[in-house]
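Listing of structure.txt; format and content: compact mmCIF, C-alpha atoms.
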# COMPACT_ATOMS: atom_id res chain seq x y z
CA MET A 806 2.90 52.45 1.77
CA ASN A 807 0.97 54.82 -0.37
CA PHE A 808 -2.30 55.91 1.21
CA ASP A 809 -3.26 58.83 -1.00
CA MET A 810 -7.06 58.69 -0.88
CA ASN A 811 -8.32 59.82 -4.23
CA LEU A 812 -12.02 59.13 -4.07
CA ASP A 813 -12.75 57.38 -7.35
CA THR A 814 -15.25 54.68 -8.33
CA GLY A 815 -12.70 51.91 -7.89
CA THR A 816 -11.69 52.92 -4.35
CA ILE A 817 -15.31 53.38 -3.22
CA PHE A 818 -16.50 50.00 -4.44
CA GLY A 819 -13.30 48.23 -3.40
CA VAL A 820 -13.79 49.35 0.20
CA ALA A 821 -17.52 48.56 -0.05
CA GLY A 822 -16.67 45.06 -1.32
CA MET A 823 -14.32 44.48 1.61
CA ILE A 824 -17.01 45.60 4.09
CA VAL A 825 -19.62 43.35 2.41
CA PHE A 826 -17.13 40.47 2.70
CA GLY A 827 -16.68 41.27 6.39
CA ILE A 828 -20.44 41.38 6.97
CA GLY A 829 -20.81 38.03 5.21
CA LEU A 830 -17.96 36.50 7.23
CA PHE A 831 -19.52 37.71 10.47
CA GLY A 832 -22.90 36.28 9.42
CA ALA A 833 -21.41 32.92 8.44
CA LEU A 834 -19.70 32.67 11.84
CA SER A 835 -22.50 33.99 14.03
CA VAL A 836 -25.87 33.08 12.55
CA SER A 837 -27.47 29.82 13.63
CA ASP A 838 -30.18 29.61 10.95
CA SER A 839 -29.01 27.56 7.96
CA LEU A 840 -30.81 29.55 5.24
CA ARG A 841 -29.42 32.82 6.58
CA ARG A 842 -25.95 31.29 6.81
CA VAL A 843 -26.06 30.33 3.14
CA LEU A 844 -26.97 33.94 2.32
CA ALA A 845 -24.10 35.19 4.51
CA LEU A 846 -21.65 33.00 2.57
CA LYS A 847 -23.10 34.41 -0.65
CA LEU A 848 -22.44 37.92 0.66
CA CYS A 849 -18.79 36.86 1.10
CA GLY A 850 -18.76 35.65 -2.50
CA VAL A 851 -20.18 38.89 -3.88
CA GLY A 852 -17.71 40.89 -1.75
CA ALA A 853 -14.82 38.93 -3.27
CA SER A 854 -16.27 39.54 -6.75
CA PHE A 855 -16.24 43.28 -6.01
CA ILE A 856 -12.49 43.13 -5.35
CA LEU A 857 -11.81 41.21 -8.58
CA ILE A 858 -13.87 43.65 -10.63
CA VAL A 859 -12.22 46.67 -9.04
CA ALA A 860 -8.83 45.08 -9.79
CA ALA A 861 -9.86 44.81 -13.45
CA TRP A 862 -11.03 48.43 -13.59
CA ARG A 863 -8.77 50.84 -15.47
CA GLY A 864 -10.62 54.11 -14.97
CA PRO A 865 -13.73 55.45 -16.68
CA ALA A 866 -12.07 56.05 -20.04
CA MET A 867 -10.19 52.78 -20.46
CA PRO A 868 -11.56 49.31 -21.22
CA ALA A 869 -11.26 46.96 -18.25
CA ASP A 870 -9.21 43.78 -18.05
CA PRO A 871 -11.52 41.02 -19.38
CA VAL A 872 -9.80 38.09 -17.61
CA PRO A 873 -11.05 38.85 -14.05
CA HIS A 874 -14.50 39.51 -15.55
CA ALA A 875 -14.50 36.02 -17.03
CA LEU A 876 -13.35 34.62 -13.68
CA VAL A 877 -16.21 36.36 -11.85
CA ILE A 878 -18.79 35.11 -14.38
CA THR A 879 -17.42 31.59 -13.78
CA GLY A 880 -17.65 32.26 -10.05
CA ILE A 881 -21.29 33.36 -10.29
CA VAL A 882 -22.27 30.16 -12.09
CA VAL A 883 -20.32 27.99 -9.63
CA MET A 884 -21.96 29.90 -6.76
CA VAL A 885 -25.49 29.27 -8.04
CA SER A 886 -24.64 25.55 -8.34
CA ALA A 887 -23.28 25.44 -4.79
CA THR A 888 -26.30 27.38 -3.53
CA ALA A 889 -28.71 24.99 -5.21
CA VAL A 890 -27.01 22.01 -3.55
CA ALA A 891 -26.93 23.77 -0.16
CA LEU A 892 -30.63 24.62 -0.41
CA ALA A 893 -31.46 21.04 -1.40
CA LEU A 894 -29.57 19.91 1.73
CA ILE A 895 -31.55 22.38 3.86
CA ARG A 896 -34.86 21.12 2.40
CA ARG A 897 -33.85 17.51 3.02
CA ILE A 898 -32.75 18.19 6.61
CA HIS A 899 -36.00 20.02 7.27
CA SER A 900 -38.00 17.18 5.80
CA LEU A 901 -36.08 14.63 7.92
CA GLU A 902 -36.56 16.68 11.08
CA ASN A 903 -40.29 16.94 10.48
CA GLY A 904 -40.77 13.26 9.71
CA ARG A 905 -42.01 14.01 6.22
CA ASP A 906 -39.28 11.97 4.59
CA VAL A 907 -40.30 8.87 2.67
CA MET B 736 -15.58 69.35 -5.49
CA ILE B 737 -17.11 65.96 -5.65
CA ASP B 738 -18.25 64.82 -9.05
CA ALA B 739 -21.98 63.97 -9.29
CA LEU B 740 -21.16 60.45 -10.45
CA VAL B 741 -18.77 59.92 -7.53
CA LEU B 742 -21.56 61.05 -5.22
CA PHE B 743 -23.82 58.47 -6.89
CA ASP B 744 -21.14 55.82 -6.33
CA LEU B 745 -20.88 56.76 -2.66
CA VAL B 746 -24.64 56.56 -2.12
CA LEU B 747 -24.78 53.26 -4.03
CA ALA B 748 -21.91 51.79 -1.99
CA LEU B 749 -23.58 52.83 1.28
CA ALA B 750 -26.88 51.30 0.10
CA ILE B 751 -25.10 48.04 -0.79
CA ILE B 752 -23.44 47.85 2.63
CA GLY B 753 -26.68 48.71 4.45
CA ILE B 754 -28.71 46.13 2.54
CA ALA B 755 -26.02 43.47 3.08
CA ALA B 756 -26.35 44.12 6.80
CA GLY B 757 -30.14 43.93 6.39
CA VAL B 758 -29.81 40.36 5.12
CA LEU B 759 -28.39 39.44 8.54
CA ILE B 760 -30.58 41.67 10.67
CA LEU B 761 -34.09 41.33 9.25
CA ARG B 762 -36.19 38.88 11.26
CA ASP B 763 -38.65 37.80 8.60
CA ALA B 764 -37.24 35.18 6.21
CA PHE B 765 -39.18 36.50 3.21
CA ALA B 766 -37.88 40.03 3.85
CA MET B 767 -34.37 38.59 4.18
CA ILE B 768 -34.59 36.99 0.72
CA VAL B 769 -36.05 40.14 -0.84
CA CYS B 770 -33.20 42.06 0.78
CA PHE B 771 -30.69 39.68 -0.77
CA VAL B 772 -32.26 40.10 -4.23
CA ILE B 773 -32.08 43.89 -3.93
CA PHE B 774 -28.47 43.53 -2.79
CA GLY B 775 -27.66 41.52 -5.92
CA LEU B 776 -29.31 44.05 -8.23
CA LEU B 777 -27.51 46.99 -6.62
CA SER B 778 -24.21 45.07 -6.90
CA ALA B 779 -24.92 44.55 -10.60
CA LEU B 780 -25.49 48.31 -10.91
CA ALA B 781 -22.16 48.96 -9.19
CA TRP B 782 -20.42 46.60 -11.62
CA VAL B 783 -21.87 48.52 -14.56
CA ARG B 784 -20.18 51.61 -13.03
CA LEU B 785 -16.94 49.58 -12.94
CA ALA B 786 -17.13 48.86 -16.70
CA ALA B 787 -18.12 45.22 -16.21
CA PRO B 788 -21.48 44.92 -18.02
CA ASP B 789 -21.04 41.19 -18.72
CA VAL B 790 -20.58 40.42 -15.06
CA ALA B 791 -23.49 42.70 -14.15
CA LEU B 792 -25.75 40.81 -16.56
CA ALA B 793 -24.63 37.46 -15.15
CA GLU B 794 -25.12 38.64 -11.56
CA ALA B 795 -28.56 40.09 -12.27
CA ALA B 796 -29.74 37.03 -14.19
CA ILE B 797 -28.06 34.13 -12.35
CA GLY B 798 -26.70 35.44 -9.05
CA THR B 799 -29.90 37.32 -8.28
CA GLY B 800 -32.75 36.10 -10.49
CA VAL B 801 -32.27 32.34 -10.50
CA THR B 802 -30.82 32.32 -6.97
CA GLY B 803 -33.78 34.37 -5.70
CA ALA B 804 -36.19 31.86 -7.23
CA LEU B 805 -34.27 28.99 -5.60
CA LEU B 806 -34.37 30.75 -2.22
CA LEU B 807 -38.10 31.49 -2.40
CA LYS B 808 -38.83 27.90 -3.39
CA THR B 809 -36.83 26.65 -0.42
CA LEU B 810 -38.69 29.07 1.84
CA ALA B 811 -41.99 27.64 0.57
CA HIS B 812 -40.70 24.19 1.61
CA LEU B 813 -39.75 25.40 5.06
CA ARG B 814 -42.95 27.35 5.66
CA GLY B 815 -44.42 26.79 9.07
CA ARG B 816 -40.98 26.78 10.62
CA THR B 817 -40.33 29.84 12.71
CA LEU B 818 -37.05 31.43 11.81
CA SER B 819 -34.63 31.60 14.69
CA PRO B 820 -33.85 35.15 15.76
CA PRO B 821 -31.11 36.40 13.43
CA LEU B 822 -28.59 37.57 16.00
CA ARG B 823 -28.51 37.02 19.72
CA VAL B 824 -26.11 39.17 21.69
CA LYS B 825 -23.76 36.97 23.65
CA GLY B 826 -20.06 36.72 24.35
CA GLY B 827 -19.15 34.75 21.25
CA LEU B 828 -20.89 37.28 19.07
CA VAL B 829 -18.70 40.11 20.32
CA VAL B 830 -15.55 38.08 19.68
CA ASN B 831 -16.80 37.19 16.19
CA ALA B 832 -17.62 40.81 15.45
CA ALA B 833 -14.21 41.97 16.66
CA LEU B 834 -12.37 39.36 14.58
CA CYS B 835 -14.41 40.07 11.46
CA ALA B 836 -13.86 43.81 11.92
CA LEU B 837 -10.10 43.15 12.15
CA VAL B 838 -10.16 41.02 8.99
CA THR B 839 -12.20 43.69 7.17
CA LEU B 840 -9.94 46.53 8.28
CA ALA B 841 -6.83 44.57 7.29
CA GLY B 842 -8.42 43.85 3.92
CA ILE B 843 -9.26 47.53 3.39
CA GLY B 844 -5.71 48.49 4.40
CA VAL B 845 -4.18 46.06 1.93
CA PHE B 846 -6.61 47.18 -0.75
CA LEU B 847 -5.82 50.88 -0.29
CA ALA B 848 -2.07 50.19 -0.19
CA THR B 849 -2.16 48.18 -3.42
CA PRO B 850 -1.54 50.25 -6.53
CA ILE B 851 -4.65 50.04 -8.75
CA GLY B 852 -4.46 49.81 -12.51
CA GLY B 853 -1.21 47.85 -12.77
CA ALA B 854 -0.47 45.85 -15.89
CA GLY B 855 -3.09 43.15 -16.23
CA LEU B 856 -3.80 40.74 -19.05
CA GLU B 857 -5.89 43.16 -21.14
CA GLY B 858 -2.90 43.88 -23.41
CA LEU B 859 -2.39 40.21 -24.20
CA VAL B 860 -6.12 39.73 -24.77
CA ALA B 861 -6.28 42.74 -27.10
CA GLN B 862 -3.25 41.48 -29.06
CA ASN B 863 -4.77 38.07 -29.64
CA LEU B 864 -8.42 39.12 -29.99
CA ALA B 865 -8.27 38.96 -33.79
CA ALA B 866 -7.23 35.29 -33.63
CA SER B 867 -9.97 34.31 -31.16
CA GLY B 868 -12.86 34.32 -33.62
CA VAL B 869 -15.02 36.76 -31.63
CA ALA B 870 -14.81 40.51 -31.21
CA HIS B 871 -15.85 40.76 -27.54
CA PRO B 872 -12.91 40.28 -25.14
CA VAL B 873 -14.87 38.63 -22.29
CA THR B 874 -16.39 36.06 -24.66
CA ALA B 875 -12.95 35.48 -26.18
CA VAL B 876 -11.54 34.76 -22.71
CA LEU B 877 -14.48 32.55 -21.69
CA LEU B 878 -14.79 30.49 -24.87
CA ASN B 879 -11.27 30.56 -26.27
CA PHE B 880 -8.33 31.69 -24.11
CA ARG B 881 -9.61 30.12 -20.89
CA ALA B 882 -12.13 27.71 -22.37
CA PHE B 883 -11.04 24.91 -20.04
CA ASP B 884 -12.35 26.92 -17.06
CA THR B 885 -15.67 27.33 -18.80
CA LEU B 886 -15.88 23.62 -19.58
CA MET B 887 -15.29 22.82 -15.90
CA GLU B 888 -17.93 25.40 -14.96
CA VAL B 889 -20.50 23.57 -17.06
CA VAL B 890 -19.38 20.33 -15.38
CA VAL B 891 -20.01 21.95 -11.96
CA LEU B 892 -23.59 22.74 -13.03
CA LEU B 893 -24.00 19.13 -14.12
CA VAL B 894 -22.69 17.85 -10.78
CA ALA B 895 -25.09 20.19 -8.97
CA VAL B 896 -28.14 18.83 -10.78
CA VAL B 897 -26.99 15.25 -10.10
CA ALA B 898 -26.56 16.08 -6.40
CA VAL B 899 -29.92 17.85 -6.12
CA TRP B 900 -31.77 15.03 -7.87
CA SER B 901 -30.16 12.48 -5.55
CA MET B 902 -30.87 14.42 -2.37
CA GLU B 903 -34.45 15.31 -3.17
CA ARG B 904 -35.41 11.70 -3.77
CA GLY B 905 -36.64 11.21 -0.22
CA ILE B 906 -38.46 14.49 0.26
CA ALA B 907 -42.21 14.39 0.53
CA ARG B 908 -43.89 16.44 -2.16
CA ALA B 909 -44.45 19.97 -0.96
CA PRO B 910 -47.76 21.56 -1.84
CA ALA B 911 -46.74 23.53 -4.91
CA PRO B 912 -48.26 26.99 -5.12
CA VAL B 913 -50.71 27.37 -7.99
CA MET B 914 -50.63 30.63 -9.86
CA GLY B 915 -53.84 32.35 -10.89
CA GLU B 916 -55.16 32.77 -14.40
CA VAL B 917 -53.84 36.31 -14.69
CA TYR B 918 -50.38 34.94 -14.13
CA ALA B 919 -50.84 32.28 -16.82
CA GLY B 920 -51.93 34.97 -19.27
CA PHE B 921 -48.92 37.08 -18.34
CA ALA B 922 -46.68 34.07 -18.97
CA ARG B 923 -48.22 33.53 -22.41
CA LEU B 924 -47.41 37.12 -23.32
CA VAL B 925 -43.94 37.23 -21.81
CA LEU B 926 -42.54 33.82 -22.72
CA PRO B 927 -42.02 34.41 -26.47
CA ALA B 928 -40.34 37.74 -25.73
CA ALA B 929 -38.10 36.11 -23.11
CA VAL B 930 -37.05 33.42 -25.58
CA ILE B 931 -36.08 36.11 -28.09
CA VAL B 932 -34.15 38.07 -25.43
CA GLY B 933 -32.27 34.91 -24.41
CA ALA B 934 -31.35 34.03 -27.99
CA TYR B 935 -30.33 37.64 -28.66
CA LEU B 936 -28.05 37.70 -25.59
CA LEU B 937 -26.40 34.50 -26.82
CA TRP B 938 -25.87 35.86 -30.35
CA ILE B 939 -24.71 39.34 -29.35
CA GLY B 940 -22.10 37.81 -26.99
CA ALA B 941 -19.71 37.51 -29.94
CA ILE B 942 -19.40 41.27 -30.34
CA ALA B 943 -20.86 42.93 -27.21
CA PRO B 944 -21.70 42.14 -23.57
CA GLY B 945 -23.81 38.99 -23.39
CA GLY B 946 -23.12 35.34 -24.00
CA ALA B 947 -24.01 31.77 -23.14
CA PHE B 948 -24.47 32.18 -19.39
CA GLN B 949 -26.58 35.31 -19.52
CA GLY B 950 -28.70 33.94 -22.38
CA GLY B 951 -28.99 30.60 -20.60
CA ALA B 952 -30.26 32.32 -17.45
CA VAL B 953 -32.96 34.18 -19.37
CA LEU B 954 -34.04 30.94 -21.04
CA ALA B 955 -33.99 29.29 -17.61
CA ALA B 956 -36.44 31.97 -16.47
CA VAL B 957 -38.71 30.80 -19.30
CA GLY B 958 -38.41 27.28 -17.90
CA LEU B 959 -39.20 28.52 -14.38
CA MET B 960 -42.35 30.26 -15.62
CA LEU B 961 -43.44 27.14 -17.50
CA LEU B 962 -42.99 25.16 -14.27
CA ILE B 963 -44.74 27.70 -12.03
CA THR B 964 -47.74 28.15 -14.33
CA ARG B 965 -47.95 24.36 -14.82
CA ALA B 966 -47.73 24.92 -18.56
CA TYR B 967 -45.15 22.16 -18.40
CA THR B 968 -45.15 19.35 -15.84
CA PRO B 969 -42.04 17.16 -15.71
CA LEU B 970 -43.06 13.54 -16.12
CA PRO B 971 -40.97 10.44 -15.46
CA ALA B 972 -41.06 9.72 -19.20
CA HIS B 973 -39.17 12.97 -19.83
CA ARG B 974 -36.26 11.91 -17.65
CA GLY B 975 -34.15 10.47 -20.46
CA ALA B 976 -34.55 13.55 -22.63
CA ALA B 977 -33.75 15.80 -19.66
CA ARG B 978 -30.56 13.87 -18.94
CA ILE B 979 -29.48 14.21 -22.57
CA VAL B 980 -30.12 17.98 -22.48
CA PHE B 981 -28.14 18.36 -19.22
CA VAL B 982 -25.14 16.50 -20.63
CA ILE B 983 -25.14 17.65 -24.25
CA GLY B 984 -23.50 21.03 -23.54
CA THR B 985 -20.55 19.50 -21.67
CA ALA B 986 -20.27 16.63 -24.15
CA LEU B 987 -20.24 18.83 -27.26
CA PHE B 988 -17.85 21.33 -25.64
CA ALA B 989 -15.39 18.55 -24.74
CA ALA B 990 -15.83 16.84 -28.11
CA VAL B 991 -15.02 20.03 -30.03
CA ALA B 992 -12.02 20.69 -27.77
CA LEU B 993 -10.62 17.23 -28.49
CA PHE B 994 -11.61 17.24 -32.16
CA VAL B 995 -9.67 20.44 -32.96
CA ALA B 996 -6.58 18.97 -31.27
CA GLN B 997 -5.08 17.45 -34.37
CA GLY B 998 -2.55 18.50 -36.98
CA GLY B 999 -0.24 20.14 -34.45
CA ARG B 1000 -2.93 22.08 -32.58
CA ALA B 1001 -3.59 21.79 -28.87
CA THR B 1002 -6.98 21.20 -27.27
CA PHE B 1003 -9.24 24.27 -27.50
CA GLU B 1004 -7.01 25.69 -30.26
CA TYR B 1005 -9.78 26.29 -32.77
CA PRO B 1006 -8.65 26.57 -36.43
CA ALA B 1007 -8.74 30.30 -37.21
CA ALA B 1008 -11.10 29.99 -40.19
CA HIS B 1009 -13.79 28.21 -38.16
CA ALA B 1010 -13.23 29.75 -34.74
CA LYS B 1011 -16.36 31.92 -34.76
CA SER B 1012 -18.66 29.14 -36.01
CA LEU B 1013 -17.23 26.65 -33.50
CA ILE B 1014 -17.59 29.11 -30.61
CA LEU B 1015 -21.18 29.95 -31.58
CA ILE B 1016 -22.12 26.28 -31.93
CA ILE B 1017 -20.60 25.50 -28.51
CA GLU B 1018 -22.32 28.53 -26.98
CA ALA B 1019 -25.71 27.67 -28.47
CA VAL B 1020 -25.66 24.10 -27.16
CA VAL B 1021 -24.17 25.11 -23.79
CA THR B 1022 -26.90 27.78 -23.45
CA ILE B 1023 -29.62 25.15 -23.85
CA SER B 1024 -27.87 22.90 -21.31
CA ILE B 1025 -27.48 25.77 -18.84
CA ALA B 1026 -31.13 26.80 -19.22
CA ALA B 1027 -32.38 23.24 -18.68
CA THR B 1028 -30.00 22.65 -15.75
CA LEU B 1029 -30.96 25.86 -13.94
CA ALA B 1030 -34.66 25.12 -14.43
CA ALA B 1031 -34.08 21.58 -13.10
CA LEU B 1032 -32.22 22.97 -10.08
CA PHE B 1033 -35.33 25.08 -9.39
CA HIS B 1034 -37.71 22.17 -9.88
CA GLY B 1035 -35.58 20.06 -7.57
CA ARG B 1036 -36.81 16.53 -7.40
CA GLU B 1037 -36.26 14.05 -10.17
CA PRO B 1038 -39.61 13.36 -11.91
CA VAL B 1039 -39.36 9.59 -11.37
CA ALA B 1040 -39.30 9.99 -7.59
CA VAL B 1041 -42.75 11.50 -7.76
CA SER B 1042 -44.19 8.59 -9.68
CA VAL B 1043 -42.59 5.98 -7.39
CA ARG B 1044 -44.13 7.68 -4.41
CA GLU B 1045 -47.50 8.05 -6.05
CA THR B 1046 -47.72 4.38 -7.00
CA ARG B 1047 -46.68 3.42 -3.49
CA ALA B 1048 -49.31 5.65 -1.93
I need this file expressed as structure tokens, please.
Amino acid sequence: MNFDMNLDTGTIFGVAGMIVFGIGLFGALSVSDSLRRVLALKLCGVGASFILIVAAWRGPAMPADPVPHALVITGIVVMVSATAVALALIRRIHSLENGRDV
Amino acid sequence: MIDALVLFDLVLALAIIGIAAGVLILRDAFAMIVCFVIFGLLSALAWVRLAAPDVALAEAAIGTGVTGALLLKTLAHLRGRTLSPPLRVKGGLVVNAALCALVTLAGIGVFLATPIGGAGLEGLVAQNLAASGVAHPVTAVLLNFRAFDTLMEVVVLLVAVVAVWSMERGIARAPAPVMGEVYAGFARLVLPAAVIVGAYLLWIGAIAPGGAFQGGAVLAAVGLMLLITRAYTPLPAHRGAARIVFVIGTALFAAVALFVAQGGRATFEYPAAHAKSLILIIEAVVTISIAATLAALFHGREPVAVSVRETRA
């Protein structure tokens, strides 16, 4: 294994992305509030995006690989759709619990 | 001898991690959402540093802007409910923390051990860019080389709006916040500019960072402002038109894909002479669909449900 730590932009944000993913995973497992849990899962998603973007990075002077970029853009749109549905579920559950449902 | 930009990256990465933790730790729900929005914007900034301006635009506009609006709207629905304390220290929590720390450390180990900058697909994309019809590689991947993914992505948005409309049917109407006159004046000034920015992002996507999703999100922001300022109120009579707008992007995209598949070409294999026009037409229509769908996801309930309830009451 090759662990030579050259501190460049890719390494810094790759590690940061992993930590953000870990924070999100911990939140999704531990938090009881539904709204906060949705946000924790979104943290996981953004952390994974970090890894994809770092994988596409080719250094400051070179153009990056466009394919992972396209994948992440697709992921962002899918994530907003999933979030919208999750939030609608939360609103409906809240409305059912409070007897405001019709 | 640490480079100034590397120092900036380090500070930015630490800020991102700290704010991500803040999303879990902050007690107040409003502060939590604001924290998440800041997190998204800082992530977008980091992605600009990683030479991914398209993704940064999409994250800032959709992942942060539209999502933030959705979250705040949901919070307005839930108002009056006290948020449960974010984290209670108990045995399970320690086990969770230990497991997540292990997963994170393993991930970091694998990441550091993986050689960065190996051969990706950028060579193939660059070779075939001339045949794609557009000059910007990310748009070429999204609308040409991997257009099927993008079609499915638009379908996912469509499914989301169908699901939200179905689920919100039973919800009692929440008291919608009314914005003051200053805000309405602000909207009148900003809306035309936002429309131009959205259209520009769509057009520039052919040669530079931008494109249908980023432009669509900016136009969706226009829709959100129209909804918030009550400049536009969705009525049951508009339901048919709204449905057509939601579907038209997917329908035209699929129709073009199938239409070009003749004379020995496969689906999505645009004829070289018309590739740019076809891509721009698809993008323009998809942008309108995306904008309308995102605005509808924010508005939530289907307009007809309101009228049924009102006549019953």
Using all atoms listed in the file, I'd like a table of the residues in chain B that come within 6 Å of chain A; for each, show the closest atom pair and its distance in Å rounded to one decimal, ordered by chain and ascending number, as a Markdown table.
| residue | atom | partner | partner_atom | distance |
| --- | --- | --- | --- | --- |
| B:Ala748 | CA | A:Ala821 | CA | 5.8 |
| B:Ile752 | CA | A:Val825 | CA | 5.9 |
| B:Val790 | CA | A:Ile878 | CA | 5.6 |
| B:Gly798 | CA | A:Ile881 | CA | 5.9 |
| B:Cys835 | CA | A:Gly827 | CA | 5.7 |
| B:Thr839 | CA | A:Gly827 | CA | 5.2 |
| B:Ile843 | CA | A:Val820 | CA | 5.8 |
| B:Ala848 | CA | A:Asn807 | CA | 5.5 |
| B:Gly852 | CA | A:Arg863 | CA | 5.3 |
| B:Glu857 | CA | A:Asp870 | CA | 4.6 |
| B:Pro872 | CA | A:Pro871 | CA | 6.0 |
| B:Val873 | CA | A:Pro871 | CA | 5.0 |
| B:Leu877 | CA | A:Ala875 | CA | 5.8 |
| B:Leu892 | CA | A:Ser886 | CA | 5.6 |
| B:Ala895 | CA | A:Ser886 | CA | 5.4 |
| B:Val899 | CA | A:Val890 | CA | 5.7 |
| B:Gly905 | CA | A:Val907 | CA | 5.2 |
| B:Ile906 | CA | A:Asp906 | CA | 5.1 |
| B:Ala907 | CA | A:Asp906 | CA | 5.6 |
Exercise. Quick one: residues within 10 Å of (-39.7, 15.6, -11.4) (file frame), counting only C-alpha atoms, please, as a count of residues only.
Key: 20
Practice problem: Using CA of Cys770 in chain B and CA of Gly958 in chain B as the two end points, give the distance in Å to one decimal. | Solution: 24.4 Å
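In this structure, CA of Ala781 in chain B sits 7.5 Å away from CA of Asp744 in chain B.
You will find CA of Ala952 in chain B at 23.7 Å from CA of Ala990 in chain B.
Considering the residues B:Ala764, B:Val746, B:Val982, B:Ile773 and counting only C-alpha atoms, Val891 in chain B has its shortest atom-to-atom contact with B:Val982.
Candidate residues B:Ala943, B:Val845, B:Ala1027, B:Ile751 were compared for distance to Pro788 in chain B, and the nearest is B:Ala943, using all atoms listed in the file.
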Edge lengths and centre in Å to one decimal, as lines of an AutoDock Vina configuration file, of the axis-aligned box that encloses all listed atoms of range 864-879 of chain A with 5 Å added on every side?
center_x = -14.0
center_y = 43.8
center_z = -16.5
size_x = 19.6
size_y = 34.5
size_z = 19.4
Quiz prompt | Closest of B:Ala934, B:Ile760, B:Val830, B:Val925 to Leu961 in chain B - atom-to-atom distances counting all atoms listed in the file | solution = B:Val925
Some atoms are missing, so please complete range 940-952 of chain B with N, CA, C and O atoms and return it as a CSV table (one decimal), in the frame of the given file.
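Result went into rebuild_11.csv, see below:
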chain,number,residue,atom,x,y,z
B,940,GLY,N,-23.3,38.0,-27.8
B,940,GLY,CA,-22.1,37.8,-27.0
B,940,GLY,C,-20.8,37.8,-27.8
B,940,GLY,O,-19.7,38.0,-27.2
B,941,ALA,N,-20.9,37.5,-29.1
B,941,ALA,CA,-19.7,37.5,-29.9
B,941,ALA,C,-19.1,38.9,-30.1
B,941,ALA,O,-17.9,39.0,-30.3
B,942,ILE,N,-19.9,39.9,-30.1
B,942,ILE,CA,-19.4,41.3,-30.3
B,942,ILE,C,-19.6,42.3,-29.2
B,942,ILE,O,-19.1,43.3,-29.2
B,943,ALA,N,-20.5,42.0,-28.3
B,943,ALA,CA,-20.9,42.9,-27.2
B,943,ALA,C,-21.2,42.2,-25.9
B,943,ALA,O,-21.2,40.9,-26.0
B,944,PRO,N,-21.4,42.9,-24.8
B,944,PRO,CA,-21.7,42.1,-23.6
B,944,PRO,C,-22.9,41.2,-23.7
B,944,PRO,O,-23.9,41.6,-24.3
B,945,GLY,N,-22.8,40.0,-23.2
B,945,GLY,CA,-23.8,39.0,-23.4
B,945,GLY,C,-23.1,37.7,-23.5
B,945,GLY,O,-21.9,37.6,-23.1
B,946,GLY,N,-23.8,36.6,-23.8
B,946,GLY,CA,-23.1,35.3,-24.0
B,946,GLY,C,-23.9,34.2,-23.5
B,946,GLY,O,-25.1,34.3,-23.1
B,947,ALA,N,-23.3,33.0,-23.4
B,947,ALA,CA,-24.0,31.8,-23.1
B,947,ALA,C,-24.7,31.8,-21.8
B,947,ALA,O,-25.8,31.3,-21.6
B,948,PHE,N,-23.9,32.3,-20.8
B,948,PHE,CA,-24.5,32.2,-19.4
B,948,PHE,C,-25.6,33.1,-19.2
B,948,PHE,O,-26.6,32.8,-18.6
B,949,GLN,N,-25.5,34.4,-19.7
B,949,GLN,CA,-26.6,35.3,-19.5
B,949,GLN,C,-27.8,34.9,-20.3
B,949,GLN,O,-28.9,34.9,-19.8
B,950,GLY,N,-27.6,34.4,-21.6
B,950,GLY,CA,-28.7,33.9,-22.4
B,950,GLY,C,-29.3,32.7,-21.8
B,950,GLY,O,-30.6,32.6,-21.7
B,951,GLY,N,-28.5,31.8,-21.2
B,951,GLY,CA,-29.0,30.6,-20.6
B,951,GLY,C,-29.9,30.9,-19.4
B,951,GLY,O,-30.9,30.3,-19.2
B,952,ALA,N,-29.5,32.0,-18.6
B,952,ALA,CA,-30.3,32.3,-17.4
B,952,ALA,C,-31.6,32.9,-17.8
B,952,ALA,O,-32.6,32.5,-17.2
